[in-house]
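Have a look at run-v1.tsv below; it lists TSV, C-alpha atoms.
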```tsv
chain	number	residue	atom	x	y	z
A	1	MET	CA	-10.27	7.12	-30.97
A	2	ALA	CA	-8.14	4.73	-28.92
A	3	GLN	CA	-5.35	6.26	-26.85
A	4	GLU	CA	-1.79	5.57	-27.94
A	5	ILE	CA	0.20	3.31	-25.66
A	6	GLN	CA	3.59	4.78	-24.78
A	7	GLY	CA	6.69	3.07	-23.42
A	8	THR	CA	8.56	-0.15	-23.99
A	9	VAL	CA	8.51	-3.87	-23.27
A	10	ALA	CA	11.35	-6.38	-23.40
A	11	ASP	CA	11.40	-9.18	-25.94
A	12	GLY	CA	8.88	-11.81	-24.93
A	13	TYR	CA	6.59	-9.29	-23.24
A	14	GLU	CA	4.76	-8.06	-26.34
A	15	THR	CA	1.56	-9.72	-25.14
A	16	VAL	CA	1.62	-7.47	-22.08
A	17	ARG	CA	1.57	-4.40	-24.30
A	18	GLU	CA	-1.33	-5.91	-26.24
A	19	GLU	CA	-3.26	-6.60	-23.04
A	20	PHE	CA	-2.65	-3.08	-21.75
A	21	ALA	CA	-3.75	-1.60	-25.08
A	22	ALA	CA	-6.92	-3.71	-25.09
A	23	PHE	CA	-7.76	-2.58	-21.58
A	24	VAL	CA	-7.12	1.10	-22.31
A	25	ALA	CA	-9.30	0.87	-25.44
A	26	SER	CA	-12.18	-0.35	-23.27
A	27	GLU	CA	-11.83	2.51	-20.78
A	28	ARG	CA	-13.27	6.01	-20.82
A	29	PRO	CA	-11.44	8.48	-23.10
A	30	ASP	CA	-9.80	10.38	-20.21
A	31	TYR	CA	-8.14	7.27	-18.73
A	32	GLU	CA	-4.55	7.66	-17.61
A	33	GLY	CA	-2.30	5.21	-15.89
A	34	GLN	CA	1.00	3.36	-15.88
A	35	LEU	CA	2.14	-0.28	-15.82
A	36	SER	CA	5.64	-1.44	-14.89
A	37	ALA	CA	7.33	-4.73	-14.11
A	38	PHE	CA	10.75	-6.16	-13.36
A	39	VAL	CA	11.77	-9.81	-13.53
A	40	ARG	CA	14.78	-10.90	-11.50
A	41	GLY	CA	15.81	-7.25	-11.23
A	42	ARG	CA	15.58	-6.49	-14.95
A	43	PRO	CA	12.98	-3.99	-16.24
A	44	VAL	CA	10.67	-5.77	-18.70
A	45	VAL	CA	7.54	-3.60	-18.87
A	46	ASP	CA	7.31	0.20	-18.77
A	47	LEU	CA	4.04	1.44	-20.30
A	48	TRP	CA	1.69	4.38	-19.88
A	49	ALA	CA	-1.33	6.00	-21.49
A	50	GLY	CA	-3.16	9.31	-21.15
A	51	ASP	CA	-2.84	12.94	-22.12
A	52	GLY	CA	0.08	14.64	-20.39
A	53	VAL	CA	1.32	11.44	-18.76
A	54	ASP	CA	4.82	10.00	-18.97
A	55	ALA	CA	6.86	7.42	-17.09
A	56	GLY	CA	7.76	10.01	-14.46
A	57	SER	CA	4.22	11.14	-13.63
A	58	LEU	CA	3.38	10.66	-9.96
A	59	TYR	CA	0.10	9.53	-8.42
A	60	GLY	CA	-1.37	9.19	-4.96
A	61	VAL	CA	-1.16	5.47	-4.26
A	62	TYR	CA	-3.11	5.32	-0.99
A	63	SER	CA	-2.53	2.01	0.80
A	64	SER	CA	0.16	0.85	-1.60
A	65	THR	CA	2.15	3.11	0.75
A	66	LYS	CA	1.89	0.38	3.37
A	67	GLY	CA	4.23	-1.77	1.29
A	68	ALA	CA	7.00	0.83	1.58
A	69	ALA	CA	6.34	1.27	5.29
A	70	HIS	CA	6.57	-2.41	6.04
A	71	LEU	CA	9.59	-3.00	3.86
A	72	VAL	CA	11.29	-0.68	6.38
A	73	VAL	CA	10.02	-2.87	9.23
A	74	ALA	CA	11.21	-6.02	7.45
A	75	LEU	CA	14.69	-4.53	7.07
A	76	LEU	CA	14.82	-3.61	10.75
A	77	VAL	CA	13.70	-7.09	11.77
A	78	GLN	CA	16.35	-8.54	9.48
A	79	ASP	CA	18.94	-6.27	11.12
A	80	GLY	CA	17.89	-7.41	14.60
A	81	THR	CA	16.77	-3.89	15.56
A	82	LEU	CA	13.18	-5.09	15.90
A	83	GLU	CA	11.92	-8.49	17.09
A	84	LEU	CA	8.55	-9.70	15.89
A	85	ASP	CA	7.58	-11.50	19.08
A	86	ARG	CA	8.51	-8.67	21.44
A	87	LYS	CA	5.59	-6.87	22.99
A	88	VAL	CA	4.90	-3.48	21.45
A	89	THR	CA	5.31	-1.99	24.92
A	90	TYR	CA	8.98	-3.07	24.93
A	91	TYR	CA	9.56	-0.31	22.39
A	92	TRP	CA	6.63	1.97	23.22
A	93	PRO	CA	5.66	1.73	26.92
A	94	GLU	CA	2.77	4.21	26.68
A	95	PHE	CA	0.98	1.85	24.28
A	96	GLY	CA	0.06	-0.59	27.04
A	97	THR	CA	-3.13	1.08	28.29
A	98	GLU	CA	-6.68	-0.26	27.93
A	99	GLY	CA	-5.73	-3.93	27.69
A	100	LYS	CA	-3.15	-3.58	24.90
A	101	GLY	CA	-0.09	-4.53	26.96
A	102	ALA	CA	0.27	-8.11	25.68
A	103	LEU	CA	0.13	-7.27	21.97
A	104	THR	CA	3.25	-8.26	20.04
A	105	LEU	CA	4.78	-6.52	17.05
A	106	ARG	CA	3.88	-9.58	14.97
A	107	GLU	CA	0.20	-9.24	15.91
A	108	LEU	CA	0.26	-5.51	15.26
A	109	LEU	CA	1.65	-6.03	11.76
A	110	ALA	CA	-1.02	-8.66	11.06
A	111	HIS	CA	-3.86	-6.15	11.72
A	112	ARG	CA	-4.81	-7.88	14.98
A	113	ALA	CA	-4.51	-4.92	17.38
A	114	GLY	CA	-8.15	-3.82	17.29
A	115	LEU	CA	-7.06	-0.18	16.97
A	116	VAL	CA	-8.64	0.75	13.64
A	117	GLY	CA	-9.41	4.30	14.78
A	118	THR	CA	-10.58	6.33	17.74
A	119	ASP	CA	-14.00	6.82	19.28
A	120	THR	CA	-14.18	10.43	18.12
A	121	GLY	CA	-12.15	10.21	14.90
A	122	PHE	CA	-9.23	12.23	13.58
A	123	SER	CA	-8.99	15.73	12.21
A	124	ALA	CA	-7.53	16.28	8.75
A	125	ALA	CA	-4.35	17.63	10.37
A	126	GLU	CA	-4.01	14.50	12.51
A	127	LEU	CA	-4.42	12.15	9.56
A	128	ALA	CA	-1.46	13.84	7.88
A	129	ASP	CA	0.77	13.33	10.91
A	130	ASP	CA	1.72	9.82	12.04
A	131	ARG	CA	2.99	11.04	15.41
A	132	GLN	CA	-0.39	12.55	16.26
A	133	ILE	CA	-2.22	9.39	15.16
A	134	ALA	CA	0.06	7.24	17.33
A	135	GLU	CA	-0.40	9.49	20.34
A	136	ARG	CA	-4.18	9.31	20.04
A	137	LEU	CA	-4.18	5.52	19.60
A	138	ALA	CA	-1.93	4.88	22.60
A	139	ASP	CA	-4.84	5.91	24.84
A	140	GLN	CA	-7.60	4.24	22.80
A	141	ARG	CA	-9.46	1.17	24.00
A	142	PRO	CA	-9.31	-1.54	21.30
A	143	PHE	CA	-12.47	-2.37	19.37
A	144	TRP	CA	-11.84	-6.09	19.89
A	145	ARG	CA	-9.59	-8.02	22.24
A	146	PRO	CA	-6.10	-7.69	20.73
A	147	GLY	CA	-4.86	-10.84	19.04
A	148	THR	CA	-8.22	-12.60	18.90
A	149	ALA	CA	-9.39	-11.39	15.47
A	150	PHE	CA	-8.25	-9.13	12.66
A	151	GLY	CA	-9.52	-6.16	10.70
A	152	TYR	CA	-7.97	-3.74	8.27
A	153	HIS	CA	-6.27	-0.81	10.04
A	154	ALA	CA	-6.71	1.31	6.93
A	155	LEU	CA	-5.62	4.79	8.00
A	156	VAL	CA	-3.48	3.97	11.04
A	157	ILE	CA	-1.32	0.84	10.67
A	158	GLY	CA	1.65	2.82	9.33
A	159	ALA	CA	1.46	5.25	12.23
A	160	LEU	CA	1.39	2.40	14.75
A	161	THR	CA	4.30	0.49	13.26
A	162	GLY	CA	6.04	3.78	12.51
A	163	GLU	CA	5.99	4.72	16.18
A	164	VAL	CA	7.66	1.40	17.01
A	165	VAL	CA	10.32	2.21	14.39
A	166	ARG	CA	10.84	5.69	15.86
A	167	ARG	CA	11.17	4.40	19.40
A	168	ALA	CA	13.63	1.68	18.36
A	169	THR	CA	15.82	3.76	16.03
A	170	GLY	CA	15.34	7.41	16.95
A	171	ARG	CA	14.39	8.00	13.29
A	172	THR	CA	10.99	8.26	11.69
A	173	LEU	CA	9.90	5.47	9.39
A	174	GLN	CA	9.91	7.98	6.54
A	175	GLU	CA	13.54	8.92	7.26
A	176	VAL	CA	14.66	5.30	7.31
A	177	TYR	CA	12.79	4.63	4.07
A	178	GLU	CA	14.43	7.60	2.36
A	179	GLU	CA	17.93	6.71	3.51
A	180	ARG	CA	17.89	2.95	3.00
A	181	ILE	CA	15.41	2.36	0.18
A	182	ARG	CA	14.24	5.30	-1.90
A	183	ALA	CA	17.40	7.35	-2.32
A	184	PRO	CA	19.88	4.50	-2.95
A	185	TYR	CA	17.72	3.18	-5.80
A	186	GLY	CA	16.46	6.53	-7.08
A	187	LEU	CA	12.88	5.34	-6.73
A	188	ASP	CA	9.95	7.48	-7.79
A	189	PHE	CA	8.07	6.34	-4.69
A	190	PHE	CA	8.03	9.00	-2.01
A	191	LEU	CA	6.91	9.00	1.62
A	192	GLY	CA	7.01	12.77	1.78
A	193	LEU	CA	7.03	14.40	-1.65
A	194	PRO	CA	9.65	17.20	-1.95
A	195	ALA	CA	8.30	20.48	-3.31
A	196	ALA	CA	10.65	20.20	-6.29
A	197	HIS	CA	8.70	17.15	-7.51
A	198	GLU	CA	5.24	18.71	-7.11
A	199	PRO	CA	4.89	19.56	-10.85
A	200	ARG	CA	5.01	15.82	-11.60
A	201	PHE	CA	2.02	15.02	-9.37
A	202	ARG	CA	-1.27	14.24	-11.10
A	203	PRO	CA	-4.16	15.07	-8.74
A	204	VAL	CA	-6.48	12.18	-7.99
A	205	GLN	CA	-9.81	12.23	-9.82
A	206	PRO	CA	-12.90	10.92	-8.03
A	207	MET	CA	-14.61	7.67	-8.88
A	208	GLU	CA	-17.47	8.11	-11.34
A	209	PRO	CA	-19.53	4.94	-10.97
A	210	THR	CA	-22.26	4.02	-13.41
A	211	ALA	CA	-25.84	4.05	-12.14
A	212	LYS	CA	-25.64	0.29	-11.60
A	213	GLN	CA	-22.36	0.58	-9.73
A	214	GLN	CA	-23.71	3.41	-7.57
A	215	ALA	CA	-26.74	1.30	-6.69
A	216	LEU	CA	-24.39	-1.47	-5.57
A	217	LEU	CA	-22.39	0.96	-3.44
A	218	ASP	CA	-25.61	2.32	-1.92
A	219	SER	CA	-26.76	-1.20	-1.04
A	220	LEU	CA	-23.73	-1.96	1.13
A	221	PRO	CA	-24.35	-2.05	4.88
A	222	SER	CA	-23.39	1.28	6.41
A	223	GLY	CA	-23.73	3.30	9.57
A	224	PRO	CA	-21.81	6.09	11.26
A	225	HIS	CA	-20.49	3.92	14.08
A	226	THR	CA	-19.61	0.68	12.31
A	227	LEU	CA	-16.05	-0.61	12.42
A	228	ALA	CA	-15.73	0.19	8.73
A	229	SER	CA	-16.81	3.77	9.30
A	230	ILE	CA	-14.43	4.17	12.24
A	231	ALA	CA	-11.55	2.63	10.27
A	232	PHE	CA	-12.04	5.08	7.39
A	233	ASN	CA	-12.77	8.07	9.65
A	234	GLY	CA	-16.33	8.39	8.44
A	235	HIS	CA	-17.91	8.81	11.87
A	236	THR	CA	-16.85	12.41	12.52
A	237	ASP	CA	-18.59	15.72	11.89
A	238	ASP	CA	-16.20	16.15	8.95
A	239	PRO	CA	-15.86	12.64	7.49
A	240	THR	CA	-12.76	11.88	5.47
A	241	ASP	CA	-13.11	11.92	1.69
A	242	LEU	CA	-10.44	9.60	0.30
A	243	VAL	CA	-9.94	11.83	-2.74
A	244	ASP	CA	-8.91	14.66	-0.43
A	245	LEU	CA	-6.01	12.74	1.12
A	246	PRO	CA	-3.42	12.63	-1.69
A	247	ASN	CA	-4.74	15.88	-3.14
A	248	ASP	CA	-3.78	17.68	0.08
A	249	ARG	CA	-0.25	19.09	-0.17
A	250	THR	CA	0.26	18.60	3.59
A	251	VAL	CA	-0.43	14.89	3.24
A	252	ARG	CA	1.92	14.60	0.27
A	253	ALA	CA	4.65	16.54	2.08
A	254	LYS	CA	4.48	14.49	5.30
A	255	GLY	CA	3.86	11.13	3.66
A	256	PRO	CA	1.84	9.36	6.39
A	257	ALA	CA	2.88	5.73	6.21
A	258	SER	CA	-0.60	4.24	5.81
A	259	VAL	CA	-1.89	6.23	2.86
A	260	GLY	CA	0.33	9.21	2.01
A	261	GLY	CA	2.72	7.78	-0.58
A	262	VAL	CA	3.19	9.29	-4.04
A	263	ALA	CA	4.62	7.10	-6.78
A	264	SER	CA	4.87	6.10	-10.39
A	265	ALA	CA	4.29	2.51	-11.48
A	266	ARG	CA	8.02	2.30	-12.17
A	267	GLY	CA	8.67	3.39	-8.57
A	268	LEU	CA	6.28	0.82	-7.14
A	269	ALA	CA	7.70	-2.05	-9.18
A	270	GLY	CA	11.27	-0.87	-8.65
A	271	MET	CA	10.89	-0.97	-4.88
A	272	TYR	CA	9.67	-4.57	-4.91
A	273	ALA	CA	12.38	-5.52	-7.41
A	274	ALA	CA	14.99	-4.15	-5.01
A	275	ALA	CA	13.37	-6.09	-2.16
A	276	ILE	CA	13.77	-9.52	-3.78
A	277	SER	CA	16.36	-9.21	-6.58
A	278	GLU	CA	19.75	-7.88	-7.43
A	279	VAL	CA	19.24	-4.48	-9.06
A	280	ASP	CA	22.05	-2.48	-10.67
A	281	GLY	CA	24.64	-4.61	-8.93
A	282	LYS	CA	23.07	-4.17	-5.48
A	283	ALA	CA	22.14	-7.28	-3.50
A	284	PRO	CA	18.45	-7.82	-2.66
A	285	LEU	CA	17.32	-5.76	0.32
A	286	LEU	CA	15.71	-8.80	1.92
A	287	LYS	CA	17.17	-12.22	2.57
A	288	GLU	CA	15.09	-15.26	1.64
A	289	ASP	CA	14.19	-15.99	5.27
A	290	THR	CA	12.87	-12.44	5.69
A	291	THR	CA	10.72	-12.53	2.56
A	292	ALA	CA	9.34	-15.89	3.67
A	293	GLU	CA	8.52	-14.55	7.15
A	294	PHE	CA	6.81	-11.37	5.96
A	295	GLY	CA	4.97	-13.08	3.11
A	296	GLN	CA	3.72	-15.93	5.28
A	297	LEU	CA	-0.01	-15.94	5.95
A	298	HIS	CA	-0.75	-14.55	9.42
A	299	SER	CA	-4.36	-13.36	9.29
A	300	VAL	CA	-6.72	-15.23	6.99
A	301	GLY	CA	-10.50	-15.30	7.03
A	302	TYR	CA	-13.23	-12.84	7.96
A	303	ASP	CA	-11.93	-9.28	8.20
A	304	LEU	CA	-14.01	-7.41	10.82
A	305	VAL	CA	-13.59	-4.08	9.00
A	306	ALA	CA	-13.90	-5.18	5.36
A	307	ARG	CA	-16.65	-7.67	6.32
A	308	THR	CA	-15.37	-10.20	3.82
A	309	HIS	CA	-12.52	-12.67	3.33
A	310	LYS	CA	-9.07	-11.07	3.50
A	311	SER	CA	-5.49	-12.29	3.87
A	312	TYR	CA	-2.48	-10.56	5.38
A	313	GLY	CA	1.14	-11.41	5.96
A	314	LEU	CA	3.15	-9.06	8.16
A	315	GLY	CA	2.24	-5.52	7.17
A	316	PHE	CA	1.71	-6.69	3.58
A	317	GLN	CA	-1.31	-8.16	1.87
A	318	ALA	CA	-0.91	-11.82	0.99
A	319	THR	CA	-1.39	-10.92	-2.66
A	320	ALA	CA	-1.73	-14.43	-4.10
A	321	ASP	CA	-4.62	-15.25	-1.75
A	322	ALA	CA	-6.17	-11.80	-1.48
A	323	TRP	CA	-6.04	-10.74	-5.14
A	324	HIS	CA	-4.26	-12.88	-7.74
A	325	PRO	CA	-4.34	-16.66	-7.11
A	326	PHE	CA	-2.09	-17.39	-10.11
A	327	LEU	CA	0.89	-15.85	-8.27
A	328	GLY	CA	3.39	-17.87	-6.28
A	329	ALA	CA	2.90	-18.75	-2.62
A	330	GLY	CA	4.48	-16.11	-0.44
A	331	THR	CA	3.83	-13.23	-2.83
A	332	PHE	CA	3.64	-10.02	-0.80
A	333	GLY	CA	2.59	-6.48	-1.64
A	334	HIS	CA	-0.18	-3.95	-1.22
A	335	SER	CA	-2.96	-2.34	-3.21
A	336	GLY	CA	-4.36	1.16	-2.84
A	337	ALA	CA	-7.87	2.58	-2.73
A	338	GLY	CA	-7.46	4.49	-5.98
A	339	GLY	CA	-6.71	1.31	-7.92
A	340	SER	CA	-2.94	0.98	-7.60
A	341	GLN	CA	-1.35	-2.41	-7.09
A	342	ALA	CA	2.21	-3.50	-6.34
A	343	PHE	CA	3.80	-6.76	-5.27
A	344	ALA	CA	6.81	-9.06	-5.34
A	345	ASP	CA	6.57	-12.75	-6.26
A	346	PRO	CA	9.85	-14.21	-4.99
A	347	ARG	CA	9.27	-17.55	-6.71
A	348	SER	CA	9.09	-16.10	-10.22
A	349	GLY	CA	11.25	-13.04	-9.51
A	350	LEU	CA	8.40	-10.78	-10.66
A	351	ALA	CA	7.95	-7.26	-9.25
A	352	TYR	CA	4.83	-5.43	-10.45
A	353	GLY	CA	3.48	-1.88	-10.20
A	354	TYR	CA	0.34	-0.23	-11.54
A	355	THR	CA	-1.08	3.26	-11.06
A	356	ARG	CA	-4.10	5.11	-12.38
A	357	ARG	CA	-5.40	8.63	-11.90
A	358	ARG	CA	-9.15	8.20	-11.51
A	359	ASN	CA	-10.26	6.17	-8.51
A	360	ALA	CA	-11.51	2.80	-9.67
A	361	PHE	CA	-14.74	1.03	-8.78
A	362	PRO	CA	-15.22	-0.54	-6.27
A	363	GLY	CA	-11.99	0.49	-4.46
A	364	GLY	CA	-8.77	-1.31	-3.70
A	365	ALA	CA	-6.77	-2.83	-6.54
A	366	ALA	CA	-8.51	-1.84	-9.77
A	367	PRO	CA	-10.17	-4.78	-11.59
A	368	GLU	CA	-7.84	-4.44	-14.58
A	369	ASN	CA	-4.96	-5.62	-12.42
A	370	ASP	CA	-6.32	-9.16	-12.76
A	371	ARG	CA	-5.71	-9.25	-16.50
A	372	LEU	CA	-2.57	-7.08	-16.50
A	373	ALA	CA	-0.80	-8.96	-13.70
A	374	ALA	CA	-1.77	-12.30	-15.26
A	375	ALA	CA	-0.30	-11.22	-18.62
A	376	VAL	CA	2.97	-10.13	-17.00
A	377	HIS	CA	3.14	-13.31	-14.94
A	378	ARG	CA	2.62	-15.57	-17.98
A	379	ALA	CA	5.37	-13.75	-19.85
A	380	ALA	CA	7.69	-13.93	-16.85
A	381	LEU	CA	7.25	-17.70	-16.53
A	382	ALA	CA	7.96	-18.11	-20.23
A	383	SER	CA	11.07	-15.92	-20.20
```

So, in terms of structure tokens, how does the structure I just supplied come out?
Amino acid sequence: MAQEIQGTVADGYETVREEFAAFVASERPDYEGQLSAFVRGRPVVDLWAGDGVDAGSLYGVYSSTKGAAHLVVALLVQDGTLELDRKVTYYWPEFGTEGKGALTLRELLAHRAGLVGTDTGFSAAELADDRQIAERLADQRPFWRPGTAFGYHALVIGALTGEVVRRATGRTLQEVYEERIRAPYGLDFFLGLPAAHEPRFRPVQPMEPTAKQQALLDSLPSGPHTLASIAFNGHTDDPTDLVDLPNDRTVRAKGPASVGGVASARGLAGMYAAAISEVDGKAPLLKEDTTAEFGQLHSVGYDLVARTHKSYGLGFQATADAWHPFLGAGTFGHSGAGGSQAFADPRSGLAYGYTRRRNAFPGGAAPENDRLAAAVHRAALAS
């Protein structure tokens, strides 16, 4: 029996509901997830499916967290507090060891630092604490010459940029996010989940690949000391299991800025709506020049960690190139390992958010985002 689709869509977005219903009908019976979108600051899609789920249910969104982290950086650059072409050592002198002294903030944000992890890895306690990650990485020799190539800094980029934020402002990135972004808009997107909201959290469920999918995963090149293994902390005596991260209360409470965010789809989409549009009478958080700068392609080509083609702006994924080519040039956002996806398309005014509970195959933005985002985008262009 097909699951009932809950929630609402605005006039003209009925096809989005149909697409979501068709997808959910094709999924396993225990599927649960949420889909939300705003267009020019107006909510147009707010849908969910699954037993016990509602619009306020919260999920671990893994690297979609990076979007919140780097919206903070964009605001501080816009304010003049941070300068993209300053050396990182201007803010954080201790960072300059082992040949890292010439690296700029711009290069750091574009995943060009070569600091995807440490030689010996991180403990679980360290991965929950951005300050500890930053302290370890300040002494680490880069895995490639900074600025000459790029690779996904999966578990650490938020700690690195967060330390720059802390040195420049005297506040943690999480504190700035709470004060300037989450609280003013009442967003269900937390970098540090208060205990009072814990009952709303839906623990992540592990991926359950089919036999064919598992064979594909098993065929991928692997090794304990590859860049990919180092970047995902798989080279230690106690390798990190991605499912364990958001399911750990310490991680949820501290909200590490690379992977520790907890959100609903409405929270994800609402944050990007606030970034580019007037929402509830409030001016957009970002000016057009800032969205253009942070959405501009900075690292495009072969990603040394992912070992495939990837595209990044400044702290954000270049979503139109990396995931959804039908979106407007300059679209910026971030996906998460469990399947979440969120982005802003300034040209159409579209802000999109998607969450799901069970980790999707093969990782990153879940495949259904292709059809769901395309349906929302078509409706937005027609509205």

With region 155-165 of chain A as the partner and 10 Å as the cut-off, tabulate the residues of region 26-142 of chain A that qualify, each row holding the nearest pair of atoms and their distance in Å to one decimal, using only C-alpha atoms, sorted by chain and rising number, as a tab-separated table.
```
residue	atom	partner	partner_atom	distance
A:Tyr62	CA	A:Leu155	CA	9.3
A:Ser63	CA	A:Leu155	CA	8.3
A:Thr65	CA	A:Gly158	CA	8.6
A:Lys66	CA	A:Gly158	CA	6.4
A:Gly67	CA	A:Gly158	CA	9.6
A:Ala68	CA	A:Gly158	CA	9.6
A:Ala69	CA	A:Gly158	CA	6.4
A:His70	CA	A:Gly158	CA	7.9
A:Val72	CA	A:Val165	CA	8.6
A:Val73	CA	A:Val165	CA	7.2
A:Leu76	CA	A:Val165	CA	8.2
A:Thr81	CA	A:Val165	CA	9.0
A:Leu82	CA	A:Val165	CA	8.0
A:Val88	CA	A:Val164	CA	7.2
A:Thr89	CA	A:Val164	CA	8.9
A:Tyr90	CA	A:Val164	CA	9.2
A:Tyr91	CA	A:Val164	CA	6.0
A:Trp92	CA	A:Val164	CA	6.3
A:Phe95	CA	A:Leu160	CA	9.6
A:Leu105	CA	A:Thr161	CA	8.0
A:Leu108	CA	A:Thr161	CA	7.5
A:Leu109	CA	A:Thr161	CA	7.2
A:Ala110	CA	A:Ile157	CA	9.5
A:His111	CA	A:Ile157	CA	7.5
A:Ala113	CA	A:Ile157	CA	9.4
A:Leu115	CA	A:Val156	CA	8.1
A:Val116	CA	A:Val156	CA	6.6
A:Gly117	CA	A:Val156	CA	7.0
A:Phe122	CA	A:Leu155	CA	10.0
A:Leu127	CA	A:Leu155	CA	7.6
A:Ala128	CA	A:Leu155	CA	10.0
A:Asp129	CA	A:Ala159	CA	8.2
A:Asp130	CA	A:Ala159	CA	4.6
A:Arg131	CA	A:Ala159	CA	6.8
A:Gln132	CA	A:Ala159	CA	8.5
A:Ile133	CA	A:Ala159	CA	6.3
A:Ala134	CA	A:Leu160	CA	5.6
A:Glu135	CA	A:Glu163	CA	9.0
A:Leu137	CA	A:Leu160	CA	8.0
A:Ala138	CA	A:Leu160	CA	8.9
```

Correct to one decimal, the distance CA of Val45 (chain A)-CA of Ala322 (chain A) is 23.6 Å

Each residue of region 300-345 of chain A lying at most 10 Å from region 232-243 of chain A should get a row with its shortest atom-to-atom pair and the distance in Å to one decimal, counting only C-alpha atoms; could you produce that, ordered by chain and increasing number, as CSV?
```
residue,atom,partner,partner_atom,distance
A:Val305,CA,A:Phe232,CA,9.4
A:Ala337,CA,A:Leu242,CA,8.1
A:Gly338,CA,A:Val243,CA,8.4
```

Non-local contacts of region 247-249 of chain A (8 Å; all atoms listed in the file; under 6 positions in same chain excluded) as a list in words = Gly60, Pro203 and Val204 of chain A

With all atoms listed in the file as the basis for distance, which of A:Pro43, A:Pro29, A:Gly101, A:Gly52 is at the shortest distance from Ala269 (chain A)?
-> A:Pro43

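Coordinates place CA of Gly295 (chain A) at a distance of 7.2 Å from CA of Phe316 (chain A).
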
Coordinates-based distance that separates CA of Leu286 (chain A) from CA of Gln78 (chain A) (Å, one decimal) =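 CA of Leu286 (chain A) lies 7.6 Å from CA of Gln78 (chain A).
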
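Among the candidates A:Gly353, A:Pro146, A:Gly50, A:Gly328, the one nearest to Lys87 (chain A) when counting all atoms listed in the file is A:Pro146.
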
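Proximity of A:Phe326, A:Phe294, A:Tyr302, A:Phe201 to Leu381 (chain A), computed with only C-alpha atoms, is greatest for A:Phe326.
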
Centre, edges in Å (one decimal): axis-aligned box, region 355-373 of chain A, 5 Å padding on all six sides, as AutoDock Vina command-line options:
```
--center_x -8.0 --center_y -0.3 --center_z -10.1 --size_x 24.4 --size_y 27.9 --size_z 22.8
```

Find, counting all atoms listed in the file, the residue in A:Ala253, A:Ser277, A:Lys212, A:Gly33 that gets nearest to Ala196 (chain A).
->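 Smallest distance to Ala196 (chain A) is found for A:Ala253.
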
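Using all atoms listed in the file, the shortest contact distance between Arg145 (chain A) and any of A:Asp119, A:Glu208, A:Glu175, A:Glu107 is found at A:Glu107.
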
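Every polymer residue reaching to within 9 Å of (2.7, 4.0, -11.2), counting all atoms listed in the file, appears in this list: Gly33, Gln34, Leu35, Ser36, Trp48, Ala55, Gly56, Ser57, Leu58, Tyr59, Val61, Asp188, Phe189, Val262, Ala263, Ser264, Ala265, Arg266, Gly267, Leu268, Ala269, Ser340, Gln341, Ala342, Gly353, Tyr354, Thr355 and Arg356 of chain A.
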
May I have the protein, DNA and RNA residues with any atom at most 12 Å from the point (-0.3, -6.2, -10.0), counting all atoms listed in the file, written as a ChimeraX atom specification?
-> /A:34-38,64,265,268-269,272,319-320,322-327,331-336,339-345,350-355,364-377
